[in-house]
Structure formats: structure tokens, C-alpha cells
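Student: Questions regarding the structure given below will be posed in turn.
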Amino acid sequence: MTKIEPILLLPPDIVDRLREILPRVGEDVVAAVIKEVPPYQGAWSDQMSLTIQTAVKVALGGFLSVASGEMADAGQATPPAVQGAYELGRGEARSGRTTEALLAAYRIGARVAWRELSKCAVEAGLPAESLVELAALVFAWIDEVSDASVAGHADELATAGRVRQQLLSRLGRMLLRGDAPDALDAAAERASWIKPSTLTAALVPAAQVGPVLAMVSQATLVINDVTDLEDVTLLLVPDVHDRGRGALLRVLEGRGAVCGPAKPWREARVSVERALRARTADLGPDTDQTLVPLVLDADPDARADLRAAVLKPMAQLRPSTAEKLTETLRSWLLHQGRREEVAAELFVHPQTVRYRVSQLREVYGDKLEDPTWLLALTVALG
């Protein structure tokens, strides 16, 4: 912080006169700011007005200490005026006002303060030639305290941003655990996160996270190191269901990402788990387009046992014959018995298909007419 050199030392009687008017100057500054700076209009409570008046009084009191020679070094570690200005900046950030509004308030306040201080100083006998030096000292001091307020504003935003990100990360992990709805609602409130209708999981390579985040909602939850996958970040994107899903898939296209289904936001874990299964199985970027293999491979061991059970009737056949009949049975099931289509798929004559189906009927008998058995065959061979 720049030091203010006391190029002008005010006489004690003038300092006393100026000190007397500080409360009134504070009131005038508050009134002018409310009137002339739009973000502050209608936003000041009695407590807020008192806070600002006190800050003005402390700031100008510090100025008078410099001008009177009581404090030769305005850049010492924590002068009350600078600290007060810093805290004022933090408070304005918490209130949602910008640095532009804060600096506008300082400009208005400096104008009003100078008008009142210069008038009082002249009336108290300050020589006219000293007035310019007084102005330089006043506005240099205003620069000091306004810089401190801007620093406080920036620090508060940075702190608030870190805290909010921590709260959002905590909410994301609670969603992955499947915590109770009441707990999730409370966590969303604490993080000031507007609850969406749905969340969609997207597993994105770490190198691609930045570009993706630039094109999705700012309310997207970002969760790192929550899977066994290296260099992959989980994004929970709000409200990209229905037509919005196409837009998300276009954003993810060519980035090596996997997109789970849109689910009610409290059920985001379902979307995450499905995306993880699809990525492990290398099924492609859109789980909505790979539902059949996801279902069939949900329990690979169970499916293998089912396949062995439904193919057991062919155990006594030669392996080559069993292989051909299995291939024919699968095609026959999927094409619903349409012989020409089965023949085209297997590159054989339709009569060959008829012969093989006759063999299958000999092996399975009436089971090929049983819906329950047909379902088991379809799932096992699908």
C-alpha cells in the first residue's frame, strides 16, 4: 500500500473543528450515495446507514490523524481506517454489490466529504494557499481506503467461491451415496444451488473438462476423484433431458466422454452408475442408445449361467453341429421365424434353415412354443 506523506500539517484548532463535523459528513455521504448510486437506492436499512456512517467517520478520522501529524506513516500494518475499509468491501461483496458500485459510492462520498471539509477548513481560518495541499491529501487518503475496500471485496468473493465450491462438491458426493431426500435438499440450500428437474451424468476426460464446462450450465456439479477411473471427471449436468440431451451430446462429441441418462436430480446416482458401466464395456458415448447390451451384461455371470442352461439340450451333439444350430436358433428368434431373413443373415439357403430348425425342434421339442422358454433363449443368445 502506498504511504501518504503528510505534506500539510493542519493546526490543532482546525483539526478539532473538522473532527466535530465528521458525524454530519458521514450522514451527508450516506444520503448522497443513496440518491446518486442506483445499486444502493432502497437497499439501506437503518443498521446499514449506521455502518457506513461509522466507516466514513473512522476513515476521515484516520485522515485527520495523518494531517495533524499524529500518525506519520499511513501505510502501517493495520490502521483502523484501512481495516474498516477492507471490511466494508467484504460486506458489500456479501450484499451482492459490485466493485463498480462500490467505487461509485467512493467517488460520490469523496466529493461530498471534500465539499464539507474544505468549507469547514476555510471557515476555521485555513489559508487559501493551503487548500490545494489539503485537497491532495484528502484524495490521496480516499485512494488508500478505496483500494482497501476493493481488496476486501475481491477477497470475500474468492473466499465465498471456495466455500461454495466445497459445498457443491459435498452435495455431489451425497448424491453419489444416495443420501436421504431431506439431507439432499438441505445441502442444496446451503450451497445456494437451484434444484433442477433432472441431472445427467457425464464422464469426461480431465483434459476436456474445461471446454465442456464452458458450454454447459454454470450450475453443473463437478466431482473429481470419485471413480476408479484415472484422469476422468464426473459432471452432473442439470436439466438436459428431452431435446436438451442432443445439445449435450453434441458438446461431448469427439471428446471420449460417456453420457448417462437424465434422471430426477435426487436419483443422479443411477445415471452415474449406468455411465460407468457403459464406459467399462466401451459401449459408446450415449447410454440411451445402448440399453440392450447394458441390460444383457448387467450380470455377466448370471447371463453365462443362463446361456449354459438353455444350450444344455445340445450338449450331446457334435460341437460343430451345436455351433451351427446355436447360430441358427439365435437368428430364428431375432427374426421371429422368418426363414428368408434368417437365410440372408447366415448366408445359407432357406432349405438349410428349414432343416436346421427341424433339428432344433427335435432337440427342444415343445419348449420352442413355450413363451417363458423363448424369453430365456432370447436373453441368453441376444
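Ordered as shown in the C-alpha cells, chains take letters A, B, and onward, while each chain numbers its residues from 1 and ligands are numbered from 1 in the order shown.
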Just the residues within 8 Å of Pro238 in chain A, please, counting only C-alpha atoms, with nothing from its chain fewer than 5 positions along; format it as JSON, numbers by chain.
Tutor: {"A": [196, 197, 198, 199, 200, 217, 219, 220, 265]}
Student: Output C-alpha atoms for every residue in that selection, as a PDB file, in the first residue's frame.
Tutor:
```
ATOM      1  CA  PRO A 196     -33.170 -28.788 -11.233  1.00  0.00           C
ATOM      2  CA  SER A 197     -35.708 -31.283 -12.509  1.00  0.00           C
ATOM      3  CA  THR A 198     -33.055 -33.743 -13.689  1.00  0.00           C
ATOM      4  CA  LEU A 199     -29.339 -34.418 -13.589  1.00  0.00           C
ATOM      5  CA  THR A 200     -27.360 -36.197 -16.291  1.00  0.00           C
ATOM      6  CA  SER A 217     -24.888 -24.797 -17.353  1.00  0.00           C
ATOM      7  CA  ALA A 219     -24.945 -24.988 -12.138  1.00  0.00           C
ATOM      8  CA  THR A 220     -23.196 -28.193 -13.261  1.00  0.00           C
ATOM      9  CA  TRP A 265     -31.900 -34.940  -9.609  1.00  0.00           C
TER      10      TRP A 265
END
```
Student: Find the residues around range 320-329 of chain A up to 8 Å (only C-alpha atoms counted), leave out those fewer than 6 positions away in its own chain, and share them as a ChimeraX atom specification.
Tutor: /A:311,314,342,346,353,356-357,359-360
Student: Let me see the file: selected residues, N, CA and C atoms, as a PDB file, in the first residue's frame.
Tutor:
```pdb
ATOM      1  N   LEU A 311     -28.678 -73.967 -23.511  1.00  0.00           N
ATOM      2  CA  LEU A 311     -27.997 -74.720 -24.552  1.00  0.00           C
ATOM      3  C   LEU A 311     -27.681 -76.156 -24.120  1.00  0.00           C
ATOM      4  N   MET A 314     -28.338 -79.331 -26.233  1.00  0.00           N
ATOM      5  CA  MET A 314     -27.489 -79.636 -27.383  1.00  0.00           C
ATOM      6  C   MET A 314     -26.136 -80.211 -26.960  1.00  0.00           C
ATOM      7  N   VAL A 342     -33.540 -65.117 -42.042  1.00  0.00           N
ATOM      8  CA  VAL A 342     -32.531 -65.909 -41.347  1.00  0.00           C
ATOM      9  C   VAL A 342     -31.484 -66.405 -42.342  1.00  0.00           C
ATOM     10  N   LEU A 346     -27.425 -65.594 -42.364  1.00  0.00           N
ATOM     11  CA  LEU A 346     -26.445 -66.661 -42.171  1.00  0.00           C
ATOM     12  C   LEU A 346     -25.730 -67.061 -43.460  1.00  0.00           C
ATOM     13  N   VAL A 353     -31.981 -73.590 -43.668  1.00  0.00           N
ATOM     14  CA  VAL A 353     -32.606 -73.050 -42.446  1.00  0.00           C
ATOM     15  C   VAL A 353     -33.726 -73.980 -41.997  1.00  0.00           C
ATOM     16  N   ARG A 356     -32.260 -77.077 -40.361  1.00  0.00           N
ATOM     17  CA  ARG A 356     -31.697 -76.819 -39.021  1.00  0.00           C
ATOM     18  C   ARG A 356     -32.803 -76.580 -37.989  1.00  0.00           C
ATOM     19  N   VAL A 357     -33.860 -75.866 -38.375  1.00  0.00           N
ATOM     20  CA  VAL A 357     -34.957 -75.624 -37.434  1.00  0.00           C
ATOM     21  C   VAL A 357     -35.610 -76.949 -37.051  1.00  0.00           C
ATOM     22  N   GLN A 359     -34.074 -79.784 -36.856  1.00  0.00           N
ATOM     23  CA  GLN A 359     -33.173 -80.365 -35.869  1.00  0.00           C
ATOM     24  C   GLN A 359     -33.383 -79.739 -34.485  1.00  0.00           C
ATOM     25  N   LEU A 360     -33.575 -78.421 -34.476  1.00  0.00           N
ATOM     26  CA  LEU A 360     -33.802 -77.736 -33.192  1.00  0.00           C
ATOM     27  C   LEU A 360     -35.081 -78.221 -32.523  1.00  0.00           C
TER      28      LEU A 360
END
```
Student: Could you state the separation of CA of Tyr364 in chain A and CA of Ala309 in chain A in Å, given to one decimal place?
Tutor: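 The value is 12.3 Å.
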Student: Within 10 Å of Arg279 in chain A, counting only C-alpha atoms, which residues show up once you throw out same-chain ones fewer than 2 positions away? Write them as a ChimeraX atom specification, please.
Tutor: /A:203,229,256-260,273-277,281-287
Student: State, in Å with one decimal place, the distance from CA of Ser149 in chain A to CA of Tyr40 in chain A.
Tutor: 16.2 Å
Student: If we count only C-alpha atoms and set the cut-off at 8 Å, which residues sit around Arg170 in chain A, ignoring sequence neighbours fewer than 4 positions away in its own chain? Please answer as a ChimeraX atom specification.
Tutor: /A:166,174,187
Student: Would you save the residues of that selection, restricted to N, CA and C atoms, as a short mmCIF file (atom, residue, chain, number, x, y, z; two decimals), in the first residue's frame?
Tutor:
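Result written to out04.cif:
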```
data_model
loop_
_atom_site.label_atom_id
_atom_site.label_comp_id
_atom_site.auth_asym_id
_atom_site.auth_seq_id
_atom_site.Cartn_x
_atom_site.Cartn_y
_atom_site.Cartn_z
N GLN A 166 -16.84 -25.97 -2.27
CA GLN A 166 -16.76 -27.08 -1.31
C GLN A 166 -18.15 -27.62 -0.99
N MET A 174 -22.87 -36.53 -1.80
CA MET A 174 -24.10 -37.01 -1.16
C MET A 174 -25.02 -37.65 -2.18
N ALA A 187 -28.63 -29.71 1.78
CA ALA A 187 -27.30 -29.45 1.22
C ALA A 187 -27.39 -28.50 0.03
#
```
Student: When distances are computed from only C-alpha atoms, which of A:Val204, A:Leu333, A:Val122, A:Leu234 shows the smallest separation from Glu369 in chain A?
Tutor: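 Using only C-alpha atoms, the shortest distance to Glu369 in chain A belongs to A:Leu333.
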Student: Measure the distance from CA of Ala268 in chain A to CA of Pro181 in chain A in Å and round it to one decimal.
Tutor: 11.9 Å
Student: Counting only C-alpha atoms, which residue out of A:Arg303, A:Arg330, A:Arg339, A:Arg17 sits closest to Ser118 in chain A?
Tutor: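 Nearest candidate to Ser118 in chain A out of A:Arg303, A:Arg330, A:Arg339, A:Arg17: A:Arg17.
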Student: Measuring between only C-alpha atoms, which one of A:Leu381, A:Thr98, A:Val237, A:Pro350 shows the shortest distance to Asp297 in chain A?
Tutor: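 Residue with the minimum atom-to-atom distance to Asp297 in chain A: A:Leu381.
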Student: As a VMD selection string, please: the residues near range 53-60 of chain A (cut-off 8 Å, only C-alpha atoms, same-chain neighbours under 2 positions excluded).
Tutor: chain A and resid 22 to 23 25 to 27 29 to 30 49 to 51 62 to 64 80 to 82 84 to 85 88 145
Student: Would you save the residues of that selection, restricted to C-alpha atoms, as a JSON list (two decimals), in the first residue's frame?
Tutor:
```json
[["chain", "number", "residue", "atom", "x", "y", "z"],
["A", 22, "LEU", "CA", -17.35, 14.14, 10.96],
["A", 23, "PRO", "CA", -20.73, 12.67, 12.12],
["A", 25, "VAL", "CA", -20.28, 14.44, 6.98],
["A", 26, "GLY", "CA", -20.99, 10.74, 7.40],
["A", 27, "GLU", "CA", -24.73, 11.37, 7.21],
["A", 29, "VAL", "CA", -22.17, 10.92, 2.40],
["A", 30, "VAL", "CA", -24.76, 8.21, 3.04],
["A", 49, "SER", "CA", -26.69, 3.51, 7.20],
["A", 50, "LEU", "CA", -25.15, 3.48, 10.67],
["A", 51, "THR", "CA", -22.42, 1.11, 9.49],
["A", 62, "GLY", "CA", -7.65, 8.45, 10.27],
["A", 63, "PHE", "CA", -7.11, 11.12, 7.64],
["A", 64, "LEU", "CA", -7.14, 13.82, 10.30],
["A", 80, "PRO", "CA", -8.21, 1.30, 11.74],
["A", 81, "ALA", "CA", -9.33, 3.22, 8.68],
["A", 82, "VAL", "CA", -7.76, 0.82, 6.22],
["A", 84, "GLY", "CA", -12.50, -0.68, 8.28],
["A", 85, "ALA", "CA", -12.47, -0.03, 4.54],
["A", 88, "LEU", "CA", -16.63, -2.61, 4.21],
["A", 145, "VAL", "CA", -9.19, 3.39, 1.67]]
```
Student: Determine, counting only C-alpha atoms, which protein, DNA and RNA residues have an atom within 12 Å of an atom of Arg97 in chain A; residues of the same chain fewer than 6 positions away are not included. Present the result as a list of chain:residue names.
Tutor: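 After dropping sequence-adjacent residues, the list is A:Val37, A:Pro38, A:Pro39, A:Tyr40, A:Gln41, A:Ala43, A:Leu88, A:Gly89, A:Arg90, A:Gly91, A:Leu103, A:Ala104, A:Ala105, A:Val150, A:His153, A:Ala154, A:Glu156, A:Leu157.
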Student: Please dump the current selection as a CSV table (one decimal), in the first residue's frame; keep all heavy atoms.
Tutor:
```
chain,number,residue,atom,x,y,z
A,37,VAL,N,-26.3,6.7,-6.5
A,37,VAL,CA,-25.7,5.4,-7.0
A,37,VAL,C,-26.8,4.4,-7.0
A,37,VAL,O,-27.3,3.9,-5.9
A,37,VAL,CB,-24.6,4.9,-6.1
A,37,VAL,CG1,-23.9,3.7,-6.6
A,37,VAL,CG2,-23.5,6.0,-5.9
A,38,PRO,N,-27.3,4.0,-8.2
A,38,PRO,CA,-28.5,3.2,-8.3
A,38,PRO,C,-28.5,1.9,-7.5
A,38,PRO,O,-29.5,1.5,-6.9
A,38,PRO,CB,-28.6,2.9,-9.8
A,38,PRO,CG,-28.0,4.1,-10.4
A,38,PRO,CD,-26.9,4.5,-9.5
A,39,PRO,N,-27.4,1.1,-7.5
A,39,PRO,CA,-27.4,-0.1,-6.7
A,39,PRO,C,-27.7,0.0,-5.2
A,39,PRO,O,-28.1,-0.9,-4.6
A,39,PRO,CB,-26.0,-0.7,-6.9
A,39,PRO,CG,-25.5,-0.1,-8.2
A,39,PRO,CD,-26.1,1.3,-8.2
A,40,TYR,N,-27.5,1.2,-4.7
A,40,TYR,CA,-27.8,1.5,-3.3
A,40,TYR,C,-29.1,2.0,-3.0
A,40,TYR,O,-29.5,2.1,-1.8
A,40,TYR,CB,-26.7,2.4,-2.7
A,40,TYR,CG,-25.3,1.8,-2.7
A,40,TYR,CD1,-24.4,2.0,-3.7
A,40,TYR,CD2,-24.9,1.0,-1.6
A,40,TYR,CE1,-23.2,1.4,-3.6
A,40,TYR,CE2,-23.7,0.4,-1.5
A,40,TYR,CZ,-22.8,0.6,-2.5
A,40,TYR,OH,-21.6,0.1,-2.5
A,41,GLN,N,-29.9,2.4,-4.0
A,41,GLN,CA,-31.2,3.0,-3.8
A,41,GLN,C,-32.2,2.0,-3.2
A,41,GLN,O,-32.4,0.9,-3.8
A,41,GLN,CB,-31.7,3.6,-5.1
A,41,GLN,CG,-30.9,4.8,-5.5
A,41,GLN,CD,-31.3,5.3,-6.9
A,41,GLN,OE1,-32.2,4.9,-7.5
A,41,GLN,NE2,-30.6,6.3,-7.4
A,43,ALA,N,-31.8,0.1,-0.7
A,43,ALA,CA,-31.2,-1.1,-0.2
A,43,ALA,C,-30.6,-0.9,1.2
A,43,ALA,O,-30.0,-1.8,1.7
A,43,ALA,CB,-30.1,-1.6,-1.2
A,88,LEU,N,-15.5,-3.2,5.0
A,88,LEU,CA,-16.6,-2.6,4.2
A,88,LEU,C,-16.7,-3.3,2.8
A,88,LEU,O,-17.8,-3.6,2.4
A,88,LEU,CB,-16.5,-1.1,4.1
A,88,LEU,CG,-17.5,-0.4,3.2
A,88,LEU,CD1,-18.9,-0.5,3.8
A,88,LEU,CD2,-17.1,1.1,3.0
A,89,GLY,N,-15.6,-3.4,2.2
A,89,GLY,CA,-15.6,-4.1,0.9
A,89,GLY,C,-16.1,-5.5,0.9
A,89,GLY,O,-16.8,-6.0,0.1
A,90,ARG,N,-15.7,-6.3,2.0
A,90,ARG,CA,-16.1,-7.6,2.2
A,90,ARG,C,-17.7,-7.6,2.3
A,90,ARG,O,-18.4,-8.5,1.8
A,90,ARG,CB,-15.5,-8.3,3.4
A,90,ARG,CG,-14.0,-8.5,3.2
A,90,ARG,CD,-13.4,-9.3,4.3
A,90,ARG,NE,-14.0,-10.7,4.3
A,90,ARG,CZ,-13.8,-11.6,5.2
A,90,ARG,NH1,-13.0,-11.3,6.3
A,90,ARG,NH2,-14.3,-12.8,5.2
A,91,GLY,N,-18.2,-6.7,3.2
A,91,GLY,CA,-19.6,-6.6,3.4
A,91,GLY,C,-20.4,-6.3,2.1
A,91,GLY,O,-21.4,-6.9,1.9
A,103,LEU,N,-17.0,1.6,-6.0
A,103,LEU,CA,-16.1,2.7,-6.3
A,103,LEU,C,-16.9,3.9,-6.7
A,103,LEU,O,-16.5,5.1,-6.4
A,103,LEU,CB,-15.2,2.3,-7.5
A,103,LEU,CG,-14.1,1.3,-7.2
A,103,LEU,CD1,-13.4,0.9,-8.4
A,103,LEU,CD2,-13.2,1.9,-6.1
A,104,ALA,N,-18.1,3.7,-7.2
A,104,ALA,CA,-19.0,4.9,-7.5
A,104,ALA,C,-19.4,5.5,-6.2
A,104,ALA,O,-19.5,6.8,-6.1
A,104,ALA,CB,-20.2,4.4,-8.3
A,105,ALA,N,-19.7,4.7,-5.2
A,105,ALA,CA,-20.0,5.2,-3.9
A,105,ALA,C,-18.9,6.0,-3.3
A,105,ALA,O,-19.0,7.1,-2.7
A,105,ALA,CB,-20.4,4.1,-2.9
A,150,VAL,N,-11.7,-2.4,-2.2
A,150,VAL,CA,-11.6,-3.3,-3.4
A,150,VAL,C,-11.0,-4.6,-3.1
A,150,VAL,O,-11.4,-5.7,-3.5
A,150,VAL,CB,-11.0,-2.5,-4.6
A,150,VAL,CG1,-10.7,-3.5,-5.7
A,150,VAL,CG2,-11.8,-1.4,-5.1
A,153,HIS,N,-13.3,-6.7,-1.1
A,153,HIS,CA,-14.4,-7.2,-2.0
A,153,HIS,C,-13.9,-8.4,-2.7
A,153,HIS,O,-14.6,-9.4,-2.8
A,153,HIS,CB,-14.8,-6.1,-2.9
A,153,HIS,CG,-16.0,-6.3,-3.7
A,153,HIS,ND1,-16.1,-7.2,-4.8
A,153,HIS,CD2,-17.3,-5.9,-3.6
A,153,HIS,CE1,-17.3,-7.3,-5.3
A,153,HIS,NE2,-18.1,-6.5,-4.6
A,154,ALA,N,-12.7,-8.3,-3.3
A,154,ALA,CA,-12.1,-9.4,-4.1
A,154,ALA,C,-11.9,-10.6,-3.2
A,154,ALA,O,-12.1,-11.8,-3.6
A,154,ALA,CB,-10.8,-9.0,-4.8
A,156,GLU,N,-13.4,-11.4,-0.4
A,156,GLU,CA,-14.6,-12.1,0.0
A,156,GLU,C,-15.2,-12.9,-1.1
A,156,GLU,O,-15.7,-14.0,-0.9
A,156,GLU,CB,-15.6,-11.0,0.4
A,156,GLU,CG,-17.0,-11.5,0.8
A,156,GLU,CD,-16.9,-12.3,2.1
A,156,GLU,OE1,-16.0,-12.2,2.9
A,156,GLU,OE2,-17.8,-13.2,2.2
A,157,LEU,N,-15.1,-12.4,-2.3
A,157,LEU,CA,-15.6,-13.2,-3.5
A,157,LEU,C,-14.8,-14.5,-3.6
A,157,LEU,O,-15.4,-15.6,-3.9
A,157,LEU,CB,-15.6,-12.4,-4.8
A,157,LEU,CG,-16.6,-11.2,-4.9
A,157,LEU,CD1,-16.5,-10.6,-6.3
A,157,LEU,CD2,-18.0,-11.7,-4.7
```
Student: Would you list, as a ChimeraX atom specification, the residues of range 69-234 of chain A that end up in strand (DSSP E) under DSSP run on this structure's backbone?
Tutor: /A:198-205,221-223,232-234
Student: For the selection just defined, write its residues with N, CA, C and O atoms to a file, as a PDB file, in the first residue's frame.
Tutor:
```
ATOM      1  N   THR A 198     -33.849 -32.535 -13.435  1.00  0.00           N
ATOM      2  CA  THR A 198     -33.055 -33.743 -13.689  1.00  0.00           C
ATOM      3  C   THR A 198     -31.563 -33.427 -13.616  1.00  0.00           C
ATOM      4  O   THR A 198     -31.149 -32.272 -13.727  1.00  0.00           O
ATOM      5  N   LEU A 199     -30.789 -34.485 -13.440  1.00  0.00           N
ATOM      6  CA  LEU A 199     -29.339 -34.418 -13.589  1.00  0.00           C
ATOM      7  C   LEU A 199     -28.903 -35.527 -14.540  1.00  0.00           C
ATOM      8  O   LEU A 199     -29.463 -36.626 -14.508  1.00  0.00           O
ATOM      9  N   THR A 200     -27.916 -35.222 -15.349  1.00  0.00           N
ATOM     10  CA  THR A 200     -27.360 -36.197 -16.291  1.00  0.00           C
ATOM     11  C   THR A 200     -25.875 -36.330 -16.031  1.00  0.00           C
ATOM     12  O   THR A 200     -25.145 -35.332 -16.020  1.00  0.00           O
ATOM     13  N   ALA A 201     -25.426 -37.562 -15.814  1.00  0.00           N
ATOM     14  CA  ALA A 201     -24.007 -37.802 -15.558  1.00  0.00           C
ATOM     15  C   ALA A 201     -23.229 -37.812 -16.863  1.00  0.00           C
ATOM     16  O   ALA A 201     -23.669 -38.387 -17.859  1.00  0.00           O
ATOM     17  N   ALA A 202     -22.070 -37.163 -16.842  1.00  0.00           N
ATOM     18  CA  ALA A 202     -21.161 -37.212 -17.984  1.00  0.00           C
ATOM     19  C   ALA A 202     -19.760 -37.490 -17.453  1.00  0.00           C
ATOM     20  O   ALA A 202     -19.254 -36.742 -16.608  1.00  0.00           O
ATOM     21  N   LEU A 203     -19.165 -38.575 -17.916  1.00  0.00           N
ATOM     22  CA  LEU A 203     -17.787 -38.914 -17.555  1.00  0.00           C
ATOM     23  C   LEU A 203     -16.887 -38.326 -18.636  1.00  0.00           C
ATOM     24  O   LEU A 203     -16.940 -38.739 -19.798  1.00  0.00           O
ATOM     25  N   VAL A 204     -16.067 -37.351 -18.247  1.00  0.00           N
ATOM     26  CA  VAL A 204     -15.303 -36.572 -19.212  1.00  0.00           C
ATOM     27  C   VAL A 204     -13.813 -36.683 -18.902  1.00  0.00           C
ATOM     28  O   VAL A 204     -13.402 -36.501 -17.748  1.00  0.00           O
ATOM     29  N   PRO A 205     -12.975 -36.967 -19.910  1.00  0.00           N
ATOM     30  CA  PRO A 205     -11.528 -36.961 -19.674  1.00  0.00           C
ATOM     31  C   PRO A 205     -11.093 -35.621 -19.100  1.00  0.00           C
ATOM     32  O   PRO A 205     -11.589 -34.564 -19.504  1.00  0.00           O
ATOM     33  N   LEU A 221     -22.555 -29.685 -11.468  1.00  0.00           N
ATOM     34  CA  LEU A 221     -21.735 -30.139 -10.346  1.00  0.00           C
ATOM     35  C   LEU A 221     -20.504 -30.860 -10.895  1.00  0.00           C
ATOM     36  O   LEU A 221     -20.616 -31.738 -11.755  1.00  0.00           O
ATOM     37  N   VAL A 222     -19.333 -30.474 -10.395  1.00  0.00           N
ATOM     38  CA  VAL A 222     -18.065 -31.047 -10.848  1.00  0.00           C
ATOM     39  C   VAL A 222     -17.474 -31.864  -9.705  1.00  0.00           C
ATOM     40  O   VAL A 222     -17.246 -31.342  -8.617  1.00  0.00           O
ATOM     41  N   ILE A 223     -17.241 -33.147  -9.958  1.00  0.00           N
ATOM     42  CA  ILE A 223     -16.765 -34.046  -8.905  1.00  0.00           C
ATOM     43  C   ILE A 223     -15.529 -34.779  -9.419  1.00  0.00           C
ATOM     44  O   ILE A 223     -15.582 -35.501 -10.410  1.00  0.00           O
ATOM     45  N   VAL A 232     -10.369 -38.930 -15.177  1.00  0.00           N
ATOM     46  CA  VAL A 232     -11.749 -38.751 -15.596  1.00  0.00           C
ATOM     47  C   VAL A 232     -12.483 -37.928 -14.538  1.00  0.00           C
ATOM     48  O   VAL A 232     -12.343 -38.183 -13.343  1.00  0.00           O
ATOM     49  N   THR A 233     -13.227 -36.939 -14.979  1.00  0.00           N
ATOM     50  CA  THR A 233     -14.011 -36.098 -14.085  1.00  0.00           C
ATOM     51  C   THR A 233     -15.488 -36.355 -14.320  1.00  0.00           C
ATOM     52  O   THR A 233     -15.928 -36.530 -15.462  1.00  0.00           O
ATOM     53  N   LEU A 234     -16.237 -36.384 -13.242  1.00  0.00           N
ATOM     54  CA  LEU A 234     -17.684 -36.577 -13.324  1.00  0.00           C
ATOM     55  C   LEU A 234     -18.382 -35.228 -13.311  1.00  0.00           C
ATOM     56  O   LEU A 234     -18.163 -34.417 -12.415  1.00  0.00           O
TER      57      LEU A 234
END
```
Student: Using only C-alpha atoms, which residues sit within 9 Å of Glu267 in chain A once same-chain residues fewer than 2 positions away are excluded, as a ChimeraX atom specification?
Tutor: /A:175-176,178,198-199,263-265,269-271
Student: Between A:Gln289, A:Asn224, A:Ser65, A:Thr352, single out the one closest to Leu137 in chain A, counting only C-alpha atoms.
Tutor: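 Checking each candidate against Leu137 in chain A, we get A:Ser65 as the closest.
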Student: Using DSSP assignments from the backbone, pull out every residue in range 158-287 of chain A that falls under helix (DSSP H, G or I) and give it to me as a PyMOL selection string.
Tutor: chain A and resi 158-177+181-190+206-213+243-252+265-280+287
Student: Taking only C-alpha atoms into account, name the residue in A:Trp193, A:Leu334, A:Arg354, A:Ile14 that is nearest to Pro127 in chain A.
Tutor: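 Checking each candidate against Pro127 in chain A, we get A:Ile14 as the closest.
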Student: I need the residue nearest Asp16 in chain A from this list: A:Gly61, A:Val363, A:Leu291, A:Ala135. Use only C-alpha atoms for the distance.
Tutor: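 Result for the nearest residue to Asp16 in chain A: A:Gly61.
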